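Peer 1: One file: upload27.txt (compact mmCIF, C-alpha atoms and all ligand atoms).
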# COMPACT_ATOMS: atom_id res chain seq x y z
CA MET B 1 113.78 337.27 184.97
CA ARG B 2 112.43 333.98 183.72
CA CYS B 3 113.74 330.62 185.02
CA LYS B 4 115.12 329.70 181.57
CA LYS B 5 117.30 332.81 181.47
CA ALA B 6 118.32 332.27 185.11
CA GLU B 7 119.48 328.75 184.20
CA LYS B 8 121.59 330.14 181.36
CA PHE B 9 123.13 332.67 183.74
CA LEU B 10 123.75 329.85 186.18
CA PHE B 11 125.82 327.96 183.61
CA TRP B 12 127.77 331.09 182.78
CA SER B 13 128.47 331.70 186.48
CA PHE B 14 130.02 328.21 186.74
CA ASP B 15 132.36 329.19 183.88
CA ASN B 16 133.04 332.62 185.43
CA ARG B 17 131.56 334.26 182.34
CA LEU B 18 128.91 336.28 184.15
CA GLY B 19 129.11 340.09 184.28
CA PRO B 20 128.49 341.93 187.58
CA GLU B 21 125.09 343.16 186.45
CA GLN B 22 124.03 339.68 185.32
CA GLU B 23 125.33 338.23 188.60
CA LYS B 24 123.15 340.66 190.55
CA LYS B 25 120.07 339.68 188.50
CA LEU B 26 120.79 335.98 188.95
CA GLN B 27 121.18 336.33 192.73
CA ALA B 28 117.92 338.28 192.89
CA HIS B 29 116.13 335.53 190.96
CA LEU B 30 117.66 332.73 193.05
CA ALA B 31 116.57 334.45 196.26
CA ALA B 32 112.96 334.47 195.05
CA CYS B 33 112.81 331.12 193.13
CA PRO B 34 113.10 327.83 195.00
CA HIS B 35 113.02 325.93 191.69
CA CYS B 36 116.24 327.58 190.47
CA GLN B 37 117.83 327.18 193.93
CA LYS B 38 117.30 323.45 193.58
CA LYS B 39 118.76 323.49 190.04
CA LYS B 40 121.84 325.35 191.23
CA ALA B 41 122.41 322.81 194.01
CA GLU B 42 122.07 319.95 191.48
CA TYR B 43 124.52 321.45 189.03
CA GLN B 44 127.03 322.18 191.78
CA LEU B 45 126.82 318.57 192.92
CA ILE B 46 127.45 317.29 189.39
CA LEU B 47 130.38 319.67 188.91
CA SER B 48 132.07 318.76 192.19
CA ASP B 49 131.57 315.08 191.35
CA LEU B 50 133.22 315.55 187.97
CA LYS B 51 136.14 317.43 189.50
CA LYS B 52 136.75 314.62 191.99
CA LYS B 53 137.23 312.07 189.19
CA PRO B 54 140.83 311.76 188.00
CA VAL B 55 141.60 312.57 184.39
CA ALA B 56 141.63 309.31 182.45
CA GLU B 57 145.08 308.18 181.29
CA PRO B 58 145.41 306.89 177.73
CA ASN B 59 145.67 303.14 177.26
CA PRO B 60 149.17 301.66 177.05
CA TYR B 61 150.80 301.93 173.62
CA PHE B 62 148.18 304.49 172.66
CA TRP B 63 150.75 306.74 171.01
CA GLU B 64 152.43 303.82 169.25
CA ARG B 65 149.11 302.82 167.76
CA LEU B 66 148.10 306.37 166.90
CA GLN B 67 151.28 307.40 165.13
CA PRO B 68 150.96 305.08 162.08
CA LYS B 69 147.41 306.31 161.62
CA LEU B 70 148.64 309.90 161.47
CA GLN B 71 151.19 309.20 158.75
CA PRO B 72 148.82 308.69 155.76
CA ARG B 73 146.79 311.64 156.97
CA ARG B 74 149.80 313.90 156.61
CA LYS B 75 150.35 312.64 153.06
CA LEU B 76 146.71 313.32 152.27
CA ASP B 77 147.05 316.85 153.66
CA SER B 78 149.99 317.56 151.41
CA PHE B 79 148.04 316.13 148.47
CA ILE B 80 145.09 318.42 149.28
CA LEU B 81 147.48 321.39 149.53
CA TRP B 82 148.99 320.51 146.17
CA LYS B 83 145.53 320.15 144.66
CA GLN B 84 144.45 323.53 146.05
CA TRP B 85 147.60 325.13 144.68
CA GLY B 86 146.92 323.45 141.33
CA LEU B 87 143.37 324.75 141.29
CA ARG B 88 144.63 328.24 142.02
CA THR B 89 146.95 328.10 139.02
CA VAL B 90 144.13 326.99 136.71
CA PRO B 91 142.83 330.54 136.06
CA LEU B 92 146.38 331.67 135.30
CA SER B 93 147.00 328.89 132.76
CA LEU B 94 143.55 329.48 131.30
CA MET B 95 144.41 333.16 130.86
CA LEU B 96 147.66 332.20 129.13
CA VAL B 97 145.78 329.90 126.76
CA ILE B 98 143.28 332.67 125.95
CA ILE B 99 146.10 335.18 125.35
CA LEU B 100 147.85 332.67 123.11
CA ALA B 101 144.63 331.96 121.18
CA LEU B 102 143.96 335.69 120.74
CA GLY B 103 147.55 336.19 119.58
CA ILE B 104 147.16 333.46 116.99
CA ILE B 105 143.82 334.86 115.80
CA PHE B 106 145.25 338.38 115.38
CA LEU B 107 148.60 337.38 113.95
CA LEU B 108 147.54 334.69 111.51
CA PRO B 109 145.70 336.85 108.92
CA SER B 110 148.58 339.34 108.72
CA ASN B 111 150.96 336.41 108.23
CA GLN B 112 148.83 335.14 105.37
CA GLU B 113 148.93 338.54 103.71
CA GLU B 114 152.70 338.54 103.88
CA LEU B 115 152.98 335.19 102.12
CA SER B 116 154.15 335.34 98.54
CA GLN B 117 152.20 333.57 95.85
CA SER B 118 154.60 330.66 95.66
CA GLU B 119 154.49 330.31 99.44
CA THR B 120 150.71 330.31 99.37
CA LEU B 121 150.76 327.60 96.69
CA LEU B 122 153.18 325.50 98.70
CA LEU B 123 151.54 325.94 102.09
CA ARG B 124 147.97 325.56 100.91
CA ASN B 125 148.84 322.69 98.58
CA VAL B 126 147.32 324.40 95.56
CA ASN B 127 148.03 323.12 92.10
CA PRO B 128 149.68 326.02 90.18
CA PHE B 129 148.54 324.61 86.84
CA GLN B 130 144.91 324.26 87.90
CA GLU B 131 143.84 327.32 85.94
CA THR B 132 145.80 326.28 82.87
CA GLN B 133 144.51 322.74 83.14
CA THR B 134 140.89 323.89 83.08
CA LEU B 135 141.70 325.80 79.91
CA PHE B 136 143.11 322.75 78.16
CA GLU B 137 140.29 320.55 79.33
CA GLN B 138 137.89 322.55 77.19
CA GLU B 139 136.66 320.32 74.41
CA LYS B 140 136.13 322.83 71.61
CA PRO B 141 139.37 324.20 70.14
CA GLU B 142 137.81 327.63 69.44
CA GLU B 143 136.80 327.99 73.07
CA LYS B 144 140.26 326.93 74.14
CA ASN B 145 141.92 329.56 71.98
CA MET B 146 139.50 332.27 73.13
CA MET B 147 140.10 331.50 76.77
CA LEU B 148 143.87 331.46 76.23
CA ILE B 149 143.71 334.89 74.64
CA PHE B 150 141.58 336.35 77.43
CA THR B 151 143.75 334.82 80.10
CA SER B 152 146.91 336.25 78.55
CA LEU B 153 145.25 339.70 78.54
CA ASP B 154 144.32 339.37 82.19
CA GLU B 155 147.15 340.93 84.17
CA ASN B 156 145.92 339.53 87.45
CA SER B 157 146.31 335.92 86.46
CA ARG B 158 149.91 335.46 87.42
CA LEU B 159 149.41 331.72 87.66
CA TRP B 160 149.24 331.35 83.93
CA ARG B 161 152.47 330.24 82.28
CA PRO B 162 152.84 329.76 78.52
CA PHE B 163 153.55 326.25 77.43
CA PRO B 164 156.63 325.69 75.29
ZN ZN B 201 113.62 330.26 188.65
Is it possible to give me this structure as structure tokens?
Ligand SMILES: [Zn+2]

Peer 2:
Amino acid sequence: MRCKKAEKFLFWSFDNRLGPEQEKKLQAHLAACPHCQKKKAEYQLILSDLKKKPVAEPNPYFWERLQPKLQPRRKLDSFILWKQWGLRTVPLSLMLVIILALGIIFLLPSNQEELSQSETLLLRNVNPFQETQTLFEQEKPEEKNMMLIFTSLDENSRLWRPFP
């Protein structure tokens, strides 16, 4: 075993994290390596020194000074939670919008088909006399009469109304 690995095992042994097999290997290395023996002695000295020192007590009024600092943090946490919840609902609302848009796209043409002619005129703001007007705007009287005759024959032109 190399010294580097032995040192790692040494640390683990201080934390009682060393398996029995690893412990055996470490002891074998320590018996043969004066360098690692010295290291082990050093680390043990440091550890025992640290254990002798008392645990530092917090300064007076530490809690009183800490508490106000914790308050805004808690508000921030709730804000972050709200934001995360909001972000999670975004796909849902997006889906609803898409469904709504699709519904409108599929329903609108059928609605338009169901509209009667007068409804179409009203909703689309079409002038019902547009066709008739173009007829009367013709300058030549012969042309006007011809167009009036042809329009009256045309069954599809429901917009045309005879003038009194
Ligand atoms: Zn060694």

Peer 1: Go through chain B and flag each residue having an atom no more than 9 Å from ligand ZN 201 (chain B); for those, report the closest pair of atoms plus their distance in Å to one decimal, using only C-alpha atoms and all ligand atoms, ordered by chain and rising number, as JSON lines.

Peer 2:
{"residue": "B:Met1", "atom": "CA", "partner": "B:ZN201", "partner_atom": "ZN", "distance": 7.9}
{"residue": "B:Arg2", "atom": "CA", "partner": "B:ZN201", "partner_atom": "ZN", "distance": 6.3}
{"residue": "B:Cys3", "atom": "CA", "partner": "B:ZN201", "partner_atom": "ZN", "distance": 3.6}
{"residue": "B:Lys4", "atom": "CA", "partner": "B:ZN201", "partner_atom": "ZN", "distance": 7.3}
{"residue": "B:Lys5", "atom": "CA", "partner": "B:ZN201", "partner_atom": "ZN", "distance": 8.5}
{"residue": "B:Ala6", "atom": "CA", "partner": "B:ZN201", "partner_atom": "ZN", "distance": 6.2}
{"residue": "B:Glu7", "atom": "CA", "partner": "B:ZN201", "partner_atom": "ZN", "distance": 7.5}
{"residue": "B:His29", "atom": "CA", "partner": "B:ZN201", "partner_atom": "ZN", "distance": 6.3}
{"residue": "B:Leu30", "atom": "CA", "partner": "B:ZN201", "partner_atom": "ZN", "distance": 6.5}
{"residue": "B:Ala32", "atom": "CA", "partner": "B:ZN201", "partner_atom": "ZN", "distance": 7.7}
{"residue": "B:Cys33", "atom": "CA", "partner": "B:ZN201", "partner_atom": "ZN", "distance": 4.6}
{"residue": "B:Pro34", "atom": "CA", "partner": "B:ZN201", "partner_atom": "ZN", "distance": 6.8}
{"residue": "B:His35", "atom": "CA", "partner": "B:ZN201", "partner_atom": "ZN", "distance": 5.3}
{"residue": "B:Cys36", "atom": "CA", "partner": "B:ZN201", "partner_atom": "ZN", "distance": 4.2}
{"residue": "B:Gln37", "atom": "CA", "partner": "B:ZN201", "partner_atom": "ZN", "distance": 7.4}
{"residue": "B:Lys39", "atom": "CA", "partner": "B:ZN201", "partner_atom": "ZN", "distance": 8.6}

Peer 1: Go ahead and compute the interatomic distance for atom CA of Asp15 of chain B and atom CA of Lys51 of chain B, in Å to one decimal.

Peer 2: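 Atom CA of Asp15 of chain B sits 13.6 Å away from atom CA of Lys51 of chain B.
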
Peer 1: Please report the interatomic distance between atom CA of Leu45 of chain B and atom CA of Trp12 of chain B in Å with one decimal.

Peer 2: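 We find that atom CA of Leu45 of chain B and atom CA of Trp12 of chain B lie 16.1 Å from each other.
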
Peer 1: As an exercise, work out the distance from atom CA of Asn125 of chain B to atom CA of Phe106 of chain B in Å and give it to one decimal place.

Peer 2: 23.3 Å

Peer 1: Select segment 18-62 of chain B in the preceding structure and write N, CA and C atoms to a file as a PDB file, in the first residue's frame.

Peer 2:
ATOM      1  N   LEU B  18     -13.404   2.844   9.027  1.00  0.00           N
ATOM      2  CA  LEU B  18     -12.512   1.872   8.395  1.00  0.00           C
ATOM      3  C   LEU B  18     -13.029   0.449   8.619  1.00  0.00           C
ATOM      4  N   GLY B  19     -13.096  -0.334   7.516  1.00  0.00           N
ATOM      5  CA  GLY B  19     -13.511  -1.733   7.615  1.00  0.00           C
ATOM      6  C   GLY B  19     -12.395  -2.583   8.209  1.00  0.00           C
ATOM      7  N   PRO B  20     -12.701  -3.783   8.671  1.00  0.00           N
ATOM      8  CA  PRO B  20     -11.684  -4.635   9.319  1.00  0.00           C
ATOM      9  C   PRO B  20     -10.525  -4.992   8.388  1.00  0.00           C
ATOM     10  N   GLU B  21     -10.862  -5.189   7.116  1.00  0.00           N
ATOM     11  CA  GLU B  21      -9.813  -5.537   6.142  1.00  0.00           C
ATOM     12  C   GLU B  21      -8.885  -4.350   5.902  1.00  0.00           C
ATOM     13  N   GLN B  22      -9.495  -3.155   5.801  1.00  0.00           N
ATOM     14  CA  GLN B  22      -8.721  -1.928   5.577  1.00  0.00           C
ATOM     15  C   GLN B  22      -7.863  -1.632   6.810  1.00  0.00           C
ATOM     16  N   GLU B  23      -8.420  -1.891   7.980  1.00  0.00           N
ATOM     17  CA  GLU B  23      -7.701  -1.668   9.247  1.00  0.00           C
ATOM     18  C   GLU B  23      -6.437  -2.539   9.289  1.00  0.00           C
ATOM     19  N   LYS B  24      -6.594  -3.783   8.846  1.00  0.00           N
ATOM     20  CA  LYS B  24      -5.466  -4.723   8.843  1.00  0.00           C
ATOM     21  C   LYS B  24      -4.360  -4.211   7.916  1.00  0.00           C
ATOM     22  N   LYS B  25      -4.772  -3.728   6.721  1.00  0.00           N
ATOM     23  CA  LYS B  25      -3.814  -3.216   5.732  1.00  0.00           C
ATOM     24  C   LYS B  25      -3.089  -1.986   6.272  1.00  0.00           C
ATOM     25  N   LEU B  26      -3.860  -1.115   6.923  1.00  0.00           N
ATOM     26  CA  LEU B  26      -3.284   0.115   7.472  1.00  0.00           C
ATOM     27  C   LEU B  26      -2.247  -0.218   8.555  1.00  0.00           C
ATOM     28  N   GLN B  27      -2.594  -1.138   9.442  1.00  0.00           N
ATOM     29  CA  GLN B  27      -1.677  -1.522  10.520  1.00  0.00           C
ATOM     30  C   GLN B  27      -0.396  -2.127   9.960  1.00  0.00           C
ATOM     31  N   ALA B  28      -0.576  -2.918   8.879  1.00  0.00           N
ATOM     32  CA  ALA B  28       0.594  -3.547   8.246  1.00  0.00           C
ATOM     33  C   ALA B  28       1.505  -2.482   7.663  1.00  0.00           C
ATOM     34  N   HIS B  29       0.885  -1.429   7.036  1.00  0.00           N
ATOM     35  CA  HIS B  29       1.681  -0.369   6.435  1.00  0.00           C
ATOM     36  C   HIS B  29       2.381   0.454   7.521  1.00  0.00           C
ATOM     37  N   LEU B  30       1.639   0.763   8.585  1.00  0.00           N
ATOM     38  CA  LEU B  30       2.202   1.579   9.673  1.00  0.00           C
ATOM     39  C   LEU B  30       3.409   0.878  10.317  1.00  0.00           C
ATOM     40  N   ALA B  31       3.299  -0.443  10.431  1.00  0.00           N
ATOM     41  CA  ALA B  31       4.391  -1.209  11.062  1.00  0.00           C
ATOM     42  C   ALA B  31       5.673  -1.114  10.252  1.00  0.00           C
ATOM     43  N   ALA B  32       5.504  -0.941   8.909  1.00  0.00           N
ATOM     44  CA  ALA B  32       6.679  -0.955   8.038  1.00  0.00           C
ATOM     45  C   ALA B  32       7.110   0.448   7.614  1.00  0.00           C
ATOM     46  N   CYS B  33       6.280   1.504   7.892  1.00  0.00           N
ATOM     47  CA  CYS B  33       6.571   2.847   7.344  1.00  0.00           C
ATOM     48  C   CYS B  33       6.708   3.872   8.465  1.00  0.00           C
ATOM     49  N   PRO B  34       7.917   4.284   8.760  1.00  0.00           N
ATOM     50  CA  PRO B  34       8.114   5.282   9.823  1.00  0.00           C
ATOM     51  C   PRO B  34       7.494   6.642   9.479  1.00  0.00           C
ATOM     52  N   HIS B  35       7.453   6.943   8.176  1.00  0.00           N
ATOM     53  CA  HIS B  35       6.872   8.215   7.726  1.00  0.00           C
ATOM     54  C   HIS B  35       5.397   8.316   8.139  1.00  0.00           C
ATOM     55  N   CYS B  36       4.642   7.242   7.885  1.00  0.00           N
ATOM     56  CA  CYS B  36       3.217   7.243   8.213  1.00  0.00           C
ATOM     57  C   CYS B  36       2.998   7.150   9.726  1.00  0.00           C
ATOM     58  N   GLN B  37       3.943   6.493  10.429  1.00  0.00           N
ATOM     59  CA  GLN B  37       3.846   6.467  11.910  1.00  0.00           C
ATOM     60  C   GLN B  37       3.900   7.880  12.462  1.00  0.00           C
ATOM     61  N   LYS B  38       4.819   8.673  11.884  1.00  0.00           N
ATOM     62  CA  LYS B  38       4.983  10.053  12.314  1.00  0.00           C
ATOM     63  C   LYS B  38       3.715  10.864  12.035  1.00  0.00           C
ATOM     64  N   LYS B  39       3.150  10.626  10.811  1.00  0.00           N
ATOM     65  CA  LYS B  39       1.908  11.318  10.419  1.00  0.00           C
ATOM     66  C   LYS B  39       0.783  10.997  11.394  1.00  0.00           C
ATOM     67  N   LYS B  40       0.661   9.726  11.737  1.00  0.00           N
ATOM     68  CA  LYS B  40      -0.412   9.300  12.633  1.00  0.00           C
ATOM     69  C   LYS B  40      -0.279   9.987  13.992  1.00  0.00           C
ATOM     70  N   ALA B  41       0.947  10.064  14.481  1.00  0.00           N
ATOM     71  CA  ALA B  41       1.210  10.716  15.777  1.00  0.00           C
ATOM     72  C   ALA B  41       0.808  12.189  15.708  1.00  0.00           C
ATOM     73  N   GLU B  42       1.139  12.854  14.556  1.00  0.00           N
ATOM     74  CA  GLU B  42       0.817  14.273  14.378  1.00  0.00           C
ATOM     75  C   GLU B  42      -0.702  14.504  14.389  1.00  0.00           C
ATOM     76  N   TYR B  43      -1.371  13.683  13.610  1.00  0.00           N
ATOM     77  CA  TYR B  43      -2.833  13.839  13.518  1.00  0.00           C
ATOM     78  C   TYR B  43      -3.509  13.589  14.862  1.00  0.00           C
ATOM     79  N   GLN B  44      -2.995  12.600  15.591  1.00  0.00           N
ATOM     80  CA  GLN B  44      -3.584  12.293  16.903  1.00  0.00           C
ATOM     81  C   GLN B  44      -3.405  13.457  17.865  1.00  0.00           C
ATOM     82  N   LEU B  45      -2.235  14.095  17.763  1.00  0.00           N
ATOM     83  CA  LEU B  45      -1.954  15.263  18.609  1.00  0.00           C
ATOM     84  C   LEU B  45      -2.927  16.406  18.312  1.00  0.00           C
ATOM     85  N   ILE B  46      -3.117  16.647  17.003  1.00  0.00           N
ATOM     86  CA  ILE B  46      -4.039  17.726  16.586  1.00  0.00           C
ATOM     87  C   ILE B  46      -5.451  17.433  17.088  1.00  0.00           C
ATOM     88  N   LEU B  47      -5.887  16.180  16.894  1.00  0.00           N
ATOM     89  CA  LEU B  47      -7.241  15.795  17.290  1.00  0.00           C
ATOM     90  C   LEU B  47      -7.470  15.954  18.783  1.00  0.00           C
ATOM     91  N   SER B  48      -6.492  15.473  19.579  1.00  0.00           N
ATOM     92  CA  SER B  48      -6.660  15.562  21.044  1.00  0.00           C
ATOM     93  C   SER B  48      -6.652  17.012  21.499  1.00  0.00           C
ATOM     94  N   ASP B  49      -5.861  17.848  20.765  1.00  0.00           N
ATOM     95  CA  ASP B  49      -5.827  19.278  21.071  1.00  0.00           C
ATOM     96  C   ASP B  49      -7.191  19.926  20.795  1.00  0.00           C
ATOM     97  N   LEU B  50      -7.771  19.556  19.674  1.00  0.00           N
ATOM     98  CA  LEU B  50      -9.076  20.103  19.299  1.00  0.00           C
ATOM     99  C   LEU B  50     -10.164  19.689  20.287  1.00  0.00           C
ATOM    100  N   LYS B  51     -10.063  18.428  20.747  1.00  0.00           N
ATOM    101  CA  LYS B  51     -11.083  17.925  21.674  1.00  0.00           C
ATOM    102  C   LYS B  51     -10.988  18.607  23.026  1.00  0.00           C
ATOM    103  N   LYS B  52      -9.770  19.061  23.373  1.00  0.00           N
ATOM    104  CA  LYS B  52      -9.595  19.711  24.683  1.00  0.00           C
ATOM    105  C   LYS B  52     -10.276  21.078  24.708  1.00  0.00           C
ATOM    106  N   LYS B  53     -10.294  21.740  23.519  1.00  0.00           N
ATOM    107  CA  LYS B  53     -10.864  23.099  23.477  1.00  0.00           C
ATOM    108  C   LYS B  53     -12.367  23.053  23.687  1.00  0.00           C
ATOM    109  N   PRO B  54     -12.896  23.952  24.531  1.00  0.00           N
ATOM    110  CA  PRO B  54     -14.349  23.965  24.731  1.00  0.00           C
ATOM    111  C   PRO B  54     -15.068  24.503  23.494  1.00  0.00           C
ATOM    112  N   VAL B  55     -16.288  24.044  23.322  1.00  0.00           N
ATOM    113  CA  VAL B  55     -17.091  24.508  22.182  1.00  0.00           C
ATOM    114  C   VAL B  55     -17.440  25.977  22.410  1.00  0.00           C
ATOM    115  N   ALA B  56     -17.160  26.798  21.397  1.00  0.00           N
ATOM    116  CA  ALA B  56     -17.375  28.238  21.556  1.00  0.00           C
ATOM    117  C   ALA B  56     -18.853  28.538  21.741  1.00  0.00           C
ATOM    118  N   GLU B  57     -19.140  29.402  22.715  1.00  0.00           N
ATOM    119  CA  GLU B  57     -20.525  29.849  22.962  1.00  0.00           C
ATOM    120  C   GLU B  57     -20.827  31.027  22.042  1.00  0.00           C
ATOM    121  N   PRO B  58     -22.064  31.143  21.576  1.00  0.00           N
ATOM    122  CA  PRO B  58     -22.376  32.322  20.749  1.00  0.00           C
ATOM    123  C   PRO B  58     -22.298  33.610  21.558  1.00  0.00           C
ATOM    124  N   ASN B  59     -22.031  34.700  20.855  1.00  0.00           N
ATOM    125  CA  ASN B  59     -21.954  36.005  21.526  1.00  0.00           C
ATOM    126  C   ASN B  59     -23.302  36.358  22.164  1.00  0.00           C
ATOM    127  N   PRO B  60     -23.279  37.212  23.179  1.00  0.00           N
ATOM    128  CA  PRO B  60     -24.559  37.617  23.780  1.00  0.00           C
ATOM    129  C   PRO B  60     -25.469  38.308  22.763  1.00  0.00           C
ATOM    130  N   TYR B  61     -26.750  38.091  22.914  1.00  0.00           N
ATOM    131  CA  TYR B  61     -27.772  38.641  22.011  1.00  0.00           C
ATOM    132  C   TYR B  61     -27.606  38.150  20.562  1.00  0.00           C
ATOM    133  N   PHE B  62     -26.951  37.012  20.436  1.00  0.00           N
ATOM    134  CA  PHE B  62     -26.759  36.470  19.080  1.00  0.00           C
ATOM    135  C   PHE B  62     -28.110  36.140  18.441  1.00  0.00           C
TER     136      PHE B  62
END
